[in-house]
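To start, the structure under review is shown below, and the notes come after it.
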Amino acid sequence: MLYVVENIPDEQSMQAVVAELLPLVPFARREQALRYKHLHGQYCCLRAWQLLHSLLTEHNFIPVSLPLADLTYTVDDYGKPSLSNAVFERSGLSSLSNAVYFSLSHTKTAIAVAIDHAPVGIDVETIVSPARISDRHFLDRTMNPAEQQQIAAADNPCLAFTELWTRKEALVKLLGTGIDMSTLPTLLTALPTLLVPQPAPSPDAPQPYSFLTTRTPSYACTVVTQNA
């Protein structure tokens, strides 16, 4: 698994990147970027795709010679993107088409991209405000009682909440099931058993997923991979 997290630059830099990348990305990505009415969304949509291309080429997932415009993709019913078969046909790597996975995420302060030869999920979130986690309705909708206790006992409750949320979101992205407010009740009951290490049937039995979380003063980011 390989991933990169990049801070969002100033507005002038974002404008320059958007102007540069709009004519270079695949048509579908350009159309998606232009659906955003604000500069930040356009920038994140385009820059995330450029970062994905860089990771894939730098680590030999696809040839360096493949243009950014040829990094085309399809989207499933849940909105999860996958590289199109055309990418591998152009690259002469059609046999690898089912063994390249990626995940993208962005927030107000950062962009995150992960790639792997197995399913992968990544999520980056700006640290929530104290007002947000003091909203009992919101907390009940997003965290189960044990998680709420963990947040309340933490030295930095806002960071603790954000870390837990990125773990949930990253896992949902790996599973490819999508996440929205209608799925949160399911998250409260199903995901905790995956997020919290459970007693193993035997000392050598591995956990089904591995989580890697990084933290900064402005955001938390979690990458999750599926163990063999």
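Please note that chains go A, B, ... in the order of the structure tokens, that every chain numbers its residues from 1, and that ligands are numbered from 1 in the order shown.
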If we count only C-alpha atoms, what is near Ser103 of chain A at a cut-off of 12 Å, once residues fewer than 6 positions away on the same chain are taken out, given as a ChimeraX atom specification? /A:1-5,48-49,51-52,55,79-83,111-124,169-176,222-225
For N, CA and C atoms, I'd like the residues from the last selection saved as a tab-separated table (two decimals), in the first residue's frame.
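Result file follows (result06.tsv):
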```
chain	number	residue	atom	x	y	z
A	1	MET	N	0.83	-1.19	0.00
A	1	MET	CA	0.00	0.00	0.00
A	1	MET	C	0.88	1.25	0.00
A	2	LEU	N	0.53	2.20	-0.84
A	2	LEU	CA	1.24	3.47	-0.93
A	2	LEU	C	0.21	4.60	-0.86
A	3	TYR	N	0.57	5.67	-0.17
A	3	TYR	CA	-0.37	6.78	-0.11
A	3	TYR	C	0.37	8.10	0.05
A	4	VAL	N	-0.34	9.18	-0.24
A	4	VAL	CA	0.21	10.52	-0.10
A	4	VAL	C	-0.88	11.43	0.43
A	5	VAL	N	-0.50	12.34	1.32
A	5	VAL	CA	-1.41	13.36	1.84
A	5	VAL	C	-0.76	14.71	1.58
A	48	ALA	N	-6.23	15.65	-7.05
A	48	ALA	CA	-6.25	14.27	-6.59
A	48	ALA	C	-5.98	13.31	-7.75
A	49	TRP	N	-6.53	13.61	-8.92
A	49	TRP	CA	-6.31	12.74	-10.07
A	49	TRP	C	-4.85	12.81	-10.54
A	51	LEU	N	-2.30	13.46	-8.54
A	51	LEU	CA	-1.53	12.73	-7.54
A	51	LEU	C	-1.65	11.23	-7.74
A	52	LEU	N	-2.86	10.77	-8.11
A	52	LEU	CA	-3.06	9.35	-8.40
A	52	LEU	C	-2.17	8.93	-9.56
A	55	LEU	N	1.46	8.65	-8.38
A	55	LEU	CA	1.73	7.45	-7.57
A	55	LEU	C	1.79	6.20	-8.46
A	79	GLY	N	-20.75	5.10	-6.59
A	79	GLY	CA	-19.86	6.21	-6.88
A	79	GLY	C	-18.40	5.90	-6.72
A	80	LYS	N	-18.06	4.63	-6.52
A	80	LYS	CA	-16.65	4.24	-6.34
A	80	LYS	C	-15.98	4.13	-7.72
A	81	PRO	N	-14.91	4.89	-7.94
A	81	PRO	CA	-14.24	4.84	-9.25
A	81	PRO	C	-13.24	3.69	-9.35
A	82	SER	N	-13.07	3.18	-10.55
A	82	SER	CA	-12.06	2.15	-10.86
A	82	SER	C	-11.43	2.51	-12.19
A	83	LEU	N	-10.15	2.20	-12.34
A	83	LEU	CA	-9.50	2.45	-13.61
A	83	LEU	C	-10.16	1.62	-14.70
A	111	ILE	N	-5.63	16.83	0.77
A	111	ILE	CA	-6.03	15.82	-0.20
A	111	ILE	C	-5.26	14.55	0.13
A	112	ALA	N	-5.90	13.38	-0.05
A	112	ALA	CA	-5.23	12.11	0.22
A	112	ALA	C	-5.54	11.12	-0.89
A	113	VAL	N	-4.52	10.35	-1.28
A	113	VAL	CA	-4.65	9.35	-2.34
A	113	VAL	C	-3.90	8.09	-1.89
A	114	ALA	N	-4.51	6.92	-2.11
A	114	ALA	CA	-3.87	5.65	-1.78
A	114	ALA	C	-4.01	4.69	-2.95
A	115	ILE	N	-2.99	3.84	-3.16
A	115	ILE	CA	-3.05	2.80	-4.18
A	115	ILE	C	-2.55	1.49	-3.58
A	116	ASP	N	-2.99	0.38	-4.18
A	116	ASP	CA	-2.54	-0.92	-3.71
A	116	ASP	C	-2.89	-1.97	-4.76
A	117	HIS	N	-2.31	-3.16	-4.60
A	117	HIS	CA	-2.68	-4.29	-5.44
A	117	HIS	C	-3.83	-5.08	-4.83
A	118	ALA	N	-4.39	-4.56	-3.74
A	118	ALA	CA	-5.55	-5.15	-3.08
A	118	ALA	C	-6.49	-4.01	-2.70
A	119	PRO	N	-7.75	-4.28	-2.37
A	119	PRO	CA	-8.67	-3.21	-2.00
A	119	PRO	C	-8.09	-2.31	-0.90
A	120	VAL	N	-8.29	-1.01	-1.06
A	120	VAL	CA	-7.74	-0.02	-0.14
A	120	VAL	C	-8.76	1.10	0.03
A	121	GLY	N	-8.75	1.71	1.20
A	121	GLY	CA	-9.61	2.86	1.45
A	121	GLY	C	-8.84	3.93	2.19
A	122	ILE	N	-9.09	5.19	1.86
A	122	ILE	CA	-8.42	6.30	2.56
A	122	ILE	C	-9.43	7.39	2.83
A	123	ASP	N	-9.27	8.04	3.96
A	123	ASP	CA	-10.12	9.19	4.29
A	123	ASP	C	-9.31	10.21	5.06
A	124	VAL	N	-9.47	11.47	4.69
A	124	VAL	CA	-8.83	12.58	5.40
A	124	VAL	C	-9.93	13.55	5.81
A	169	GLU	N	-14.94	5.87	7.68
A	169	GLU	CA	-15.08	6.28	6.28
A	169	GLU	C	-14.12	5.52	5.39
A	170	ALA	N	-12.88	5.35	5.83
A	170	ALA	CA	-11.90	4.63	5.02
A	170	ALA	C	-12.32	3.18	4.82
A	171	LEU	N	-12.86	2.55	5.86
A	171	LEU	CA	-13.30	1.16	5.73
A	171	LEU	C	-14.47	1.04	4.77
A	172	VAL	N	-15.41	1.97	4.85
A	172	VAL	CA	-16.54	1.94	3.93
A	172	VAL	C	-16.06	2.12	2.49
A	173	LYS	N	-15.05	2.95	2.30
A	173	LYS	CA	-14.50	3.12	0.96
A	173	LYS	C	-13.83	1.84	0.47
A	174	LEU	N	-13.11	1.16	1.34
A	174	LEU	CA	-12.51	-0.12	0.95
A	174	LEU	C	-13.60	-1.11	0.55
A	175	LEU	N	-14.66	-1.19	1.34
A	175	LEU	CA	-15.73	-2.13	1.07
A	175	LEU	C	-16.54	-1.74	-0.15
A	176	GLY	N	-16.50	-0.43	-0.49
A	176	GLY	CA	-17.19	0.03	-1.68
A	176	GLY	C	-18.69	0.14	-1.53
A	222	THR	N	-6.70	8.36	7.67
A	222	THR	CA	-6.58	6.91	7.89
A	222	THR	C	-6.60	6.17	6.57
A	223	VAL	N	-5.67	5.21	6.45
A	223	VAL	CA	-5.66	4.28	5.32
A	223	VAL	C	-5.95	2.89	5.87
A	224	VAL	N	-6.82	2.16	5.20
A	224	VAL	CA	-7.14	0.80	5.63
A	224	VAL	C	-6.91	-0.16	4.48
A	225	THR	N	-6.32	-1.30	4.81
A	225	THR	CA	-6.09	-2.37	3.83
A	225	THR	C	-6.67	-3.66	4.38
```
Within 12 Å of Glu31 of chain A, counting only C-alpha atoms, which residues show up once you throw out same-chain ones fewer than 5 positions away? Write them as a PDB file with N, CA and C atoms, in the first residue's frame, please.
```pdb
ATOM      1  N   LEU A  22      -7.206  21.373 -16.071  1.00  0.00           N
ATOM      2  CA  LEU A  22      -8.485  21.189 -16.749  1.00  0.00           C
ATOM      3  C   LEU A  22      -8.341  20.596 -18.156  1.00  0.00           C
ATOM      4  N   PRO A  23      -7.403  21.086 -18.981  1.00  0.00           N
ATOM      5  CA  PRO A  23      -7.285  20.497 -20.323  1.00  0.00           C
ATOM      6  C   PRO A  23      -6.518  19.176 -20.366  1.00  0.00           C
ATOM      7  N   VAL A  25      -6.743  16.443 -17.880  1.00  0.00           N
ATOM      8  CA  VAL A  25      -7.359  15.262 -17.258  1.00  0.00           C
ATOM      9  C   VAL A  25      -8.366  14.622 -18.218  1.00  0.00           C
ATOM     10  N   PRO A  26      -8.791  13.384 -17.946  1.00  0.00           N
ATOM     11  CA  PRO A  26      -9.832  12.758 -18.773  1.00  0.00           C
ATOM     12  C   PRO A  26     -11.107  13.604 -18.774  1.00  0.00           C
ATOM     13  N   TYR A  36     -18.330  21.362  -9.434  1.00  0.00           N
ATOM     14  CA  TYR A  36     -18.109  22.141  -8.214  1.00  0.00           C
ATOM     15  C   TYR A  36     -18.235  23.622  -8.551  1.00  0.00           C
ATOM     16  N   LYS A  37     -18.958  24.353  -7.739  1.00  0.00           N
ATOM     17  CA  LYS A  37     -19.142  25.786  -7.967  1.00  0.00           C
ATOM     18  C   LYS A  37     -18.078  26.629  -7.280  1.00  0.00           C
ATOM     19  N   GLN A  42     -12.998  22.229  -7.182  1.00  0.00           N
ATOM     20  CA  GLN A  42     -12.393  22.001  -8.491  1.00  0.00           C
ATOM     21  C   GLN A  42     -10.927  21.599  -8.340  1.00  0.00           C
ATOM     22  N   CYS A  45     -10.564  17.973  -6.875  1.00  0.00           N
ATOM     23  CA  CYS A  45     -10.943  16.955  -7.851  1.00  0.00           C
ATOM     24  C   CYS A  45      -9.831  16.738  -8.877  1.00  0.00           C
ATOM     25  N   LEU A  46      -9.254  17.814  -9.360  1.00  0.00           N
ATOM     26  CA  LEU A  46      -8.219  17.718 -10.386  1.00  0.00           C
ATOM     27  C   LEU A  46      -6.877  17.294  -9.805  1.00  0.00           C
TER      28      LEU A  46
END
```
Do you have the atom CA of Leu164 of chain A-atom CA of Glu125 of chain A distance handy?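 It comes out at 10.4 Å.
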So that I can check the secondary structure, give me every residue of segment 1-160 of chain A assigned helix (DSSP H, G or I) by backbone DSSP, as a PyMOL selection string. chain A and resi 11-21+27-35+39-58+68-70+85-91+94-96+130-133+136-142+145-153+157-160
As a ChimeraX atom specification, please: the residues near Glu163 of chain A (cut-off 12 Å, only C-alpha atoms, same-chain neighbours under 4 positions excluded). /A:122-128,143,147,150-151,154,156-159,167-170,195,211-216,218-223
